[in-house]
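S.K.: What follows is a single structure, and I will ask about it in a moment.
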Amino acid sequence: MKHKSPAVRLLLLVLIGAVLIIGSGYVDQLRSYQGAQAAIFAIAISSIVLLTGYSGQISLGHGALMAVGGYAAVLCQTHLHIPYPFAFLVGTFAGGVAGFLLGIAAARLRGPYLAGTTLALAVGLPSLANQFHILGGEQGLLFDVGNPPASLGSDFTQYRWFFVVTVIAAILVFWLLRNLLSTRYGRRWRALRANPTAAALSGIKVGKAKVLAFTLSSCVAGLAGSLFAMLLGLVAPLAFTLTLSFTLVTGAVLAGVSNLGGSIVGAVVLVAIPELSNTAAAHFGGSDKVTANLPGVITSVLLIATVLFVPNGPKLPRMKFLARTRQ
Amino acid sequence: MQIFFNTILVGLSSGAIYALISLALVLVWRSTRVVNFAAAGQAILSTYIGYEAMTRMHNYWLSLPVAILAGALISALVEAIIMRPLAKRTKGTPVESIAPVIATLGVLGGIRSLAGLIWGNTFLQYTSPLSSKGYMVGHTTIPFSPQNAAIVVGAAVVLLLFAALFKFTRLGLALRAASFQPEISRLSGVRVDRVRTIGWAFAGAAGAVAGALVTPTTYLSPNSLDLLLVSGFVAAVIGGLESLIGAVVGGIVLGVGFAFILQYIGTSVTFSAAFIILLIVLLIRPQGIFGKGSSREA
């Protein structure tokens with residue numbers, strides 16, 4: 001496979017982004033909202049792909065790291081009055097700091113132990129908001145990024161603006177990650193995942209590489225969290241539940257866990273399943289019980305079927321410019 | 001001083017529940033080297049089945065064995081239909097240690113949604129004839145009710161039964177052998193696959209006891225047992241993930257610890273405390289209090 005240069009990759013991603021952003025002018029607010037949701041999920045899932053698909057570590061706690069990013073962004077914007085694009089940077093950084101600390105512990109744990117520890121984090125961290133007054137308790141804190149720039153015209157809706165912001169963020173994240181994964185760091189992580197012992201014997205500092213992967217992955221999760229806070233307009237413990245963490249892992253697995261381009265597919269699937277199942281439930285006259293729970297049943301069955309039949313991830317038609325390099 | 005003893009009593013009762021869930025995790029870990037994140041899901045489904053039995057038979061005590069049998073059956077099915085084929089397919093691949101985690105999460109999510117689909121996401125009452133009002137000591141009510149007593153007794157009975165099973169029966173020996181040396185056990189005529197499924201079934205039964213005993217003190221909803229999964233896991237890790245006694249001691253220690261945190265600090269830090277306890281145990285004494293092995297490289 002021929003290597004695309006970073007500049008070519010960026011150009012292709014920007015083209016796709018431009019098509020999406022122009023296209024968003026032709027859909028209603030709900031679709032814009034769902035588009036923004038999918039872009040945020042794609043970013044968050046790519047953080048799991050980086051962690052699990054490349055460095056071989058698992059995390060059920062990325063919802064909590066998203067919460068760290070979201071709360072950091074909101075607190076900065078509210079108390080320091082910085083412009084919100086910088087709040088996203090703060091969210092990214094805060095996620096990274098939390099991830100670095102967690103990563104130091106995580107590098108010493110494997111498989112199920114790491115899963116259980118991060119699970120405890122996913123449950124414990126968001127509930128801390130009730131303990132400290134500054135975090136706003138169960139109601140959370142509002143995050144108001146204001147109206148879209150006036151230069152875009154008065155009929156440019158709020159959700160379309162969110163969509164534009166999240167798509168730009170997603171493009172940046174994918175471009176940076178894609179480039180990062182084709183450097184020696186990416187190769188080290190792949191070696192680590194394939195066989196930690198052999199990687200160590202080849203002179204790779206296993207602990208260091210794992211902590212680095214965890215930190216970067218958490219940066220991306222922190223960014224996704226602050227974007228999520230923007231989309232919801234608030235941060236609250238209920239926004240970053242255990243279910244969110246599970247959803248991200250599900251998305252990564254459905255997408256083929258070591259396929260970066262797959263995170264986009266995974267994100268779209270996650271957003272599409274509730275939509276499709278609602279349509280189906282409405283069509284067949286399902287009750288509230290069905291509407292609320294059918295998406296969960298479908299996602300879980302898909303998840304189990306994926307690990308059972310294609311444990312290394314489904315063979316999606318690869319988006320060539322995002323595909324991983326041949327090993 | 002009164003508050004101190006009350007806190008211990010509260011801790012003892014919740015600790016007994018943690019111990020049962022932790023026991024369920026340990027039994028599965030011993031038989032297949034998998035941490036069963038679906039344990040909470042299996043327990044909730046068996047509790048719903050117990051609830052159905054109770055609404056039909058109008059008797060809590062008769063619904064208990066129904067729930068326990070259902071729990072054992074569900075757990076055995078999960079092992080035989082999903083986990084066993086998965087282990088065979090992923091053996092030796094890079095996803096070997098991650099795939100079971102994902103699969104059990106899928107089962108957890110699937111069972112929760114399925115329960116919601118059948119029974120709705122409302123809070124149901126699975127009531128026990130025992131009072132949930134605390135005993136009177138002198139003129140004060142202590143926060144320890146007859147139902148709490150039933151929880152502690154139930155957990156103790158389950159533990160004694162398992163201890164007897166592992167110590168005195170051929171099945172117990174086979175269970176121990178299959179987890180210790182699967183290849184050699186197979187050569188000596190133990191049907192390892194079947195024994196593993198039985199291990200899962202016992203784990204499901206332990207989880208079902210926890211669900212059916214704790215639910216009368218709270219309410220029944222598709223995710224009402226989720227938090228127990230975290231406590232159960234922490235308890236199991238404190239106990240070393242291998243040892244039955246360890247699981248129970250871990251559960252009680254955690255239950256009493258939580259009760260003190262709840263009493264003297266506040267509710268919202270409990271699970272952060274669980275996370276910190278877990279990290280400390282894993283980093284300082286990774287083999288747990290009762291673990292024998294020196295490494296956690298599983």
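Every chain in the structure tokens takes a letter, A first, then B, and so on in the order presented; its residues are numbered from 1, and the ligands are numbered from 1 following the presented order.
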So which bits of region 80-292 of chain B end up strand (DSSP E or B) when you DSSP the backbone, as an MDAnalysis selection string?
M.R.: chainID B and resid 124 136:137 140:141 220
S.K.: Which is closer to chain B than all the others in A:Thr250, A:Gln139, A:Ser277, A:Ser47, using only C-alpha atoms?
M.R.: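 The closest residue to chain B is A:Thr250.
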S.K.: Just the residues within 10 Å of Asn130 (chain A), please, counting only C-alpha atoms, with nothing from its chain fewer than 5 positions along; format it as a PyMOL selection string.
M.R.: (chain A and resi 135-140+236-237) or (chain B and resi 266-269)
S.K.: Write the residues of the selection above to a file with C-alpha atoms, as an mmCIF file, in the first residue's frame.
M.R.:
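Contents of out_24.cif, freshly written:
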data_model
loop_
_atom_site.group_PDB
_atom_site.id
_atom_site.type_symbol
_atom_site.label_atom_id
_atom_site.label_comp_id
_atom_site.auth_asym_id
_atom_site.auth_seq_id
_atom_site.Cartn_x
_atom_site.Cartn_y
_atom_site.Cartn_z
ATOM 1 C CA LEU A 135 -19.181 21.080 40.385
ATOM 2 C CA GLY A 136 -22.881 21.858 40.585
ATOM 3 C CA GLY A 137 -24.191 18.579 42.007
ATOM 4 C CA GLU A 138 -26.809 16.487 40.228
ATOM 5 C CA GLN A 139 -28.077 19.451 38.156
ATOM 6 C CA GLY A 140 -24.617 20.068 36.784
ATOM 7 C CA ALA A 236 -23.900 16.779 34.795
ATOM 8 C CA PRO A 237 -23.151 13.361 36.309
ATOM 9 C CA GLY B 266 -20.951 11.214 52.523
ATOM 10 C CA THR B 267 -22.671 9.091 49.881
ATOM 11 C CA SER B 268 -21.127 10.600 46.789
ATOM 12 C CA VAL B 269 -17.548 9.637 47.577
#
S.K.: So that I can check the surroundings of region 199-207 of chain B, please list as an mmCIF file with N, CA, C and O atoms, in the first residue's frame every protein, DNA and RNA residue that reaches within 6 Å of it, counting only C-alpha atoms and ignoring chain neighbours fewer than 4 positions away.
M.R.:
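That gives us around-v7.cif:
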data_model
loop_
_atom_site.group_PDB
_atom_site.id
_atom_site.type_symbol
_atom_site.label_atom_id
_atom_site.label_comp_id
_atom_site.auth_asym_id
_atom_site.auth_seq_id
_atom_site.Cartn_x
_atom_site.Cartn_y
_atom_site.Cartn_z
ATOM 1 N N LEU B 20 -21.530 -12.128 48.294
ATOM 2 C CA LEU B 20 -22.188 -13.074 47.376
ATOM 3 C C LEU B 20 -21.830 -12.769 45.920
ATOM 4 O O LEU B 20 -21.525 -13.672 45.136
ATOM 5 N N ILE B 21 -21.875 -11.471 45.548
ATOM 6 C CA ILE B 21 -21.523 -11.106 44.169
ATOM 7 C C ILE B 21 -20.051 -11.421 43.912
ATOM 8 O O ILE B 21 -19.677 -11.967 42.864
ATOM 9 N N ALA B 24 -19.645 -14.951 43.274
ATOM 10 C CA ALA B 24 -20.034 -15.271 41.900
ATOM 11 C C ALA B 24 -18.887 -14.978 40.938
ATOM 12 O O ALA B 24 -18.601 -15.763 40.021
ATOM 13 N N LEU B 27 -15.988 -17.611 41.537
ATOM 14 C CA LEU B 27 -16.277 -18.946 40.997
ATOM 15 C C LEU B 27 -16.063 -18.985 39.485
ATOM 16 O O LEU B 27 -15.516 -19.944 38.945
ATOM 17 N N VAL B 28 -16.485 -17.919 38.807
ATOM 18 C CA VAL B 28 -16.291 -17.865 37.354
ATOM 19 C C VAL B 28 -14.812 -17.720 37.022
ATOM 20 O O VAL B 28 -14.286 -18.386 36.135
ATOM 21 N N SER B 31 -13.058 -20.974 37.353
ATOM 22 C CA SER B 31 -13.316 -22.020 36.371
ATOM 23 C C SER B 31 -12.866 -21.637 34.965
ATOM 24 O O SER B 31 -12.452 -22.505 34.215
ATOM 25 N N ALA B 43 -27.860 -11.742 37.565
ATOM 26 C CA ALA B 43 -28.562 -11.672 38.848
ATOM 27 C C ALA B 43 -29.888 -10.921 38.697
ATOM 28 O O ALA B 43 -30.898 -11.309 39.282
ATOM 29 N N ILE B 68 -33.030 -18.945 42.246
ATOM 30 C CA ILE B 68 -31.688 -19.535 42.301
ATOM 31 C C ILE B 68 -31.473 -20.489 41.130
ATOM 32 O O ILE B 68 -30.434 -20.447 40.449
ATOM 33 N N GLY B 71 -31.080 -18.500 38.027
ATOM 34 C CA GLY B 71 -29.744 -17.898 37.974
ATOM 35 C C GLY B 71 -28.702 -18.891 37.495
ATOM 36 O O GLY B 71 -27.859 -18.577 36.651
ATOM 37 N N ALA B 72 -28.765 -20.115 38.038
ATOM 38 C CA ALA B 72 -27.805 -21.146 37.647
ATOM 39 C C ALA B 72 -27.939 -21.475 36.164
ATOM 40 O O ALA B 72 -26.947 -21.589 35.437
ATOM 41 N N SER B 75 -26.685 -18.604 33.862
ATOM 42 C CA SER B 75 -25.234 -18.528 33.870
ATOM 43 C C SER B 75 -24.620 -19.663 33.046
ATOM 44 O O SER B 75 -23.687 -19.448 32.261
ATOM 45 N N ALA B 76 -25.166 -20.872 33.212
ATOM 46 C CA ALA B 76 -24.651 -22.017 32.456
ATOM 47 C C ALA B 76 -24.849 -21.793 30.961
ATOM 48 O O ALA B 76 -23.965 -22.117 30.148
#
S.K.: Rank nothing, just name the residue among A:Ile40, A:Val164, A:Ala282, A:Ala87 nearest to Gly23 (chain A), using only C-alpha atoms.
M.R.: A:Val164
S.K.: Which neighbours of region 233-246 of chain B fall inside 9 Å, counting only C-alpha atoms, when residues of the same chain fewer than 5 positions from it are skipped, and could you give them as a count of residues only?
M.R.: 40
S.K.: For Asn278 (chain A), list every protein, DNA or RNA residue within 9 Å, evaluated using only C-alpha atoms, and leave out those in the same chain fewer than 6 positions away; present the list as a PDB file with N, CA and C atoms, in the first residue's frame.
M.R.:
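Output below, filename selection_33.pdb:
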ATOM      1  N   GLY A 286     -45.091  -0.198  18.762  1.00  0.00           N
ATOM      2  CA  GLY A 286     -44.477  -0.637  20.012  1.00  0.00           C
ATOM      3  C   GLY A 286     -44.771   0.333  21.144  1.00  0.00           C
ATOM      4  N   VAL A 290     -40.719  -0.769  24.521  1.00  0.00           N
ATOM      5  CA  VAL A 290     -40.000  -1.201  23.331  1.00  0.00           C
ATOM      6  C   VAL A 290     -39.088  -0.086  22.839  1.00  0.00           C
ATOM      7  N   THR A 291     -39.628   1.121  22.731  1.00  0.00           N
ATOM      8  CA  THR A 291     -38.831   2.239  22.219  1.00  0.00           C
ATOM      9  C   THR A 291     -37.600   2.462  23.096  1.00  0.00           C
ATOM     10  N   ALA A 292     -37.766   2.341  24.413  1.00  0.00           N
ATOM     11  CA  ALA A 292     -36.655   2.637  25.305  1.00  0.00           C
ATOM     12  C   ALA A 292     -35.595   1.544  25.280  1.00  0.00           C
ATOM     13  N   LEU A 294     -35.350  -1.364  22.879  1.00  0.00           N
ATOM     14  CA  LEU A 294     -34.968  -2.076  21.665  1.00  0.00           C
ATOM     15  C   LEU A 294     -33.555  -1.713  21.187  1.00  0.00           C
ATOM     16  N   PRO A 295     -33.166  -0.415  21.201  1.00  0.00           N
ATOM     17  CA  PRO A 295     -31.802  -0.092  20.756  1.00  0.00           C
ATOM     18  C   PRO A 295     -30.745  -0.847  21.560  1.00  0.00           C
TER      19      PRO A 295
END
S.K.: Need to verify the contact set: region 24-31 of chain A, 9 Å, only C-alpha atoms, exclusion of same-chain residues closer than 3 positions in sequence. Can you return it as a ChimeraX atom specification?
M.R.: /A:19-21,34-36,156-160,163-164
S.K.: Next, the residues of the selection above should be written as a PDB file, in the first residue's frame with N, CA, C and O atoms.
M.R.:
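Printed below is result_29.pdb as written:
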ATOM      1  N   VAL A  19     -17.791  18.775   2.274  1.00  0.00           N
ATOM      2  CA  VAL A  19     -19.025  18.194   1.738  1.00  0.00           C
ATOM      3  C   VAL A  19     -20.062  18.061   2.854  1.00  0.00           C
ATOM      4  O   VAL A  19     -21.226  18.440   2.701  1.00  0.00           O
ATOM      5  N   LEU A  20     -19.613  17.537   4.023  1.00  0.00           N
ATOM      6  CA  LEU A  20     -20.536  17.354   5.151  1.00  0.00           C
ATOM      7  C   LEU A  20     -21.116  18.685   5.611  1.00  0.00           C
ATOM      8  O   LEU A  20     -22.318  18.804   5.862  1.00  0.00           O
ATOM      9  N   ILE A  21     -20.252  19.691   5.715  1.00  0.00           N
ATOM     10  CA  ILE A  21     -20.709  20.975   6.255  1.00  0.00           C
ATOM     11  C   ILE A  21     -21.679  21.652   5.280  1.00  0.00           C
ATOM     12  O   ILE A  21     -22.713  22.189   5.683  1.00  0.00           O
ATOM     13  N   GLN A  34     -27.874  15.073  15.331  1.00  0.00           N
ATOM     14  CA  GLN A  34     -27.380  13.689  15.264  1.00  0.00           C
ATOM     15  C   GLN A  34     -26.015  13.629  14.590  1.00  0.00           C
ATOM     16  O   GLN A  34     -25.157  12.835  14.972  1.00  0.00           O
ATOM     17  N   GLY A  35     -25.820  14.515  13.581  1.00  0.00           N
ATOM     18  CA  GLY A  35     -24.520  14.570  12.921  1.00  0.00           C
ATOM     19  C   GLY A  35     -23.432  14.973  13.902  1.00  0.00           C
ATOM     20  O   GLY A  35     -22.352  14.361  13.942  1.00  0.00           O
ATOM     21  N   ALA A  36     -23.730  15.988  14.724  1.00  0.00           N
ATOM     22  CA  ALA A  36     -22.752  16.435  15.715  1.00  0.00           C
ATOM     23  C   ALA A  36     -22.483  15.325  16.726  1.00  0.00           C
ATOM     24  O   ALA A  36     -21.334  15.078  17.110  1.00  0.00           O
ATOM     25  N   PHE A 156     -28.574  30.444  10.089  1.00  0.00           N
ATOM     26  CA  PHE A 156     -27.624  29.386  10.426  1.00  0.00           C
ATOM     27  C   PHE A 156     -27.950  28.888  11.832  1.00  0.00           C
ATOM     28  O   PHE A 156     -27.756  29.598  12.816  1.00  0.00           O
ATOM     29  N   THR A 157     -28.505  27.674  11.934  1.00  0.00           N
ATOM     30  CA  THR A 157     -29.029  27.241  13.230  1.00  0.00           C
ATOM     31  C   THR A 157     -27.911  26.879  14.204  1.00  0.00           C
ATOM     32  O   THR A 157     -26.782  26.593  13.805  1.00  0.00           O
ATOM     33  N   GLN A 158     -28.282  26.856  15.486  1.00  0.00           N
ATOM     34  CA  GLN A 158     -27.345  26.525  16.552  1.00  0.00           C
ATOM     35  C   GLN A 158     -26.754  25.123  16.350  1.00  0.00           C
ATOM     36  O   GLN A 158     -25.554  24.919  16.450  1.00  0.00           O
ATOM     37  N   TYR A 159     -27.631  24.154  16.047  1.00  0.00           N
ATOM     38  CA  TYR A 159     -27.141  22.780  15.931  1.00  0.00           C
ATOM     39  C   TYR A 159     -26.275  22.598  14.696  1.00  0.00           C
ATOM     40  O   TYR A 159     -25.344  21.813  14.698  1.00  0.00           O
ATOM     41  N   ARG A 160     -26.580  23.377  13.631  1.00  0.00           N
ATOM     42  CA  ARG A 160     -25.721  23.288  12.463  1.00  0.00           C
ATOM     43  C   ARG A 160     -24.334  23.813  12.820  1.00  0.00           C
ATOM     44  O   ARG A 160     -23.321  23.269  12.381  1.00  0.00           O
ATOM     45  N   PHE A 163     -22.565  21.240  14.660  1.00  0.00           N
ATOM     46  CA  PHE A 163     -22.120  20.211  13.705  1.00  0.00           C
ATOM     47  C   PHE A 163     -20.814  20.642  13.054  1.00  0.00           C
ATOM     48  O   PHE A 163     -19.855  19.874  12.968  1.00  0.00           O
ATOM     49  N   VAL A 164     -20.751  21.908  12.617  1.00  0.00           N
ATOM     50  CA  VAL A 164     -19.544  22.421  11.962  1.00  0.00           C
ATOM     51  C   VAL A 164     -18.350  22.315  12.909  1.00  0.00           C
ATOM     52  O   VAL A 164     -17.283  21.799  12.551  1.00  0.00           O
TER      53      VAL A 164
END
S.K.: Can you check which residues of region 134-269 of chain A DSSP gives as alpha helix (DSSP H) on the backbone and send them as a PyMOL selection string?
M.R.: chain A and resi 158-181+184-194+196-201+206-232+242-254+262-269
S.K.: As an exercise, work out the distance from CA of Arg9 (chain A) to CA of Tyr54 (chain A) in Å and give it to one decimal place.
M.R.: 20.2 Å
S.K.: Between A:Ala281, A:Val123, A:Ala239, A:Leu192, which is the closest to chain B once you count only C-alpha atoms?
M.R.: A:Val123
S.K.: Mind giving me the straight-line distance from CA of Leu165 (chain B) to CA of Val152 (chain B) in Å, one decimal?
M.R.: 20.0 Å
S.K.: I'd like the interatomic distance between CA of Tyr219 (chain B) and CA of Tyr126 (chain B), to a tenth of an Å.
M.R.: 6.8 Å
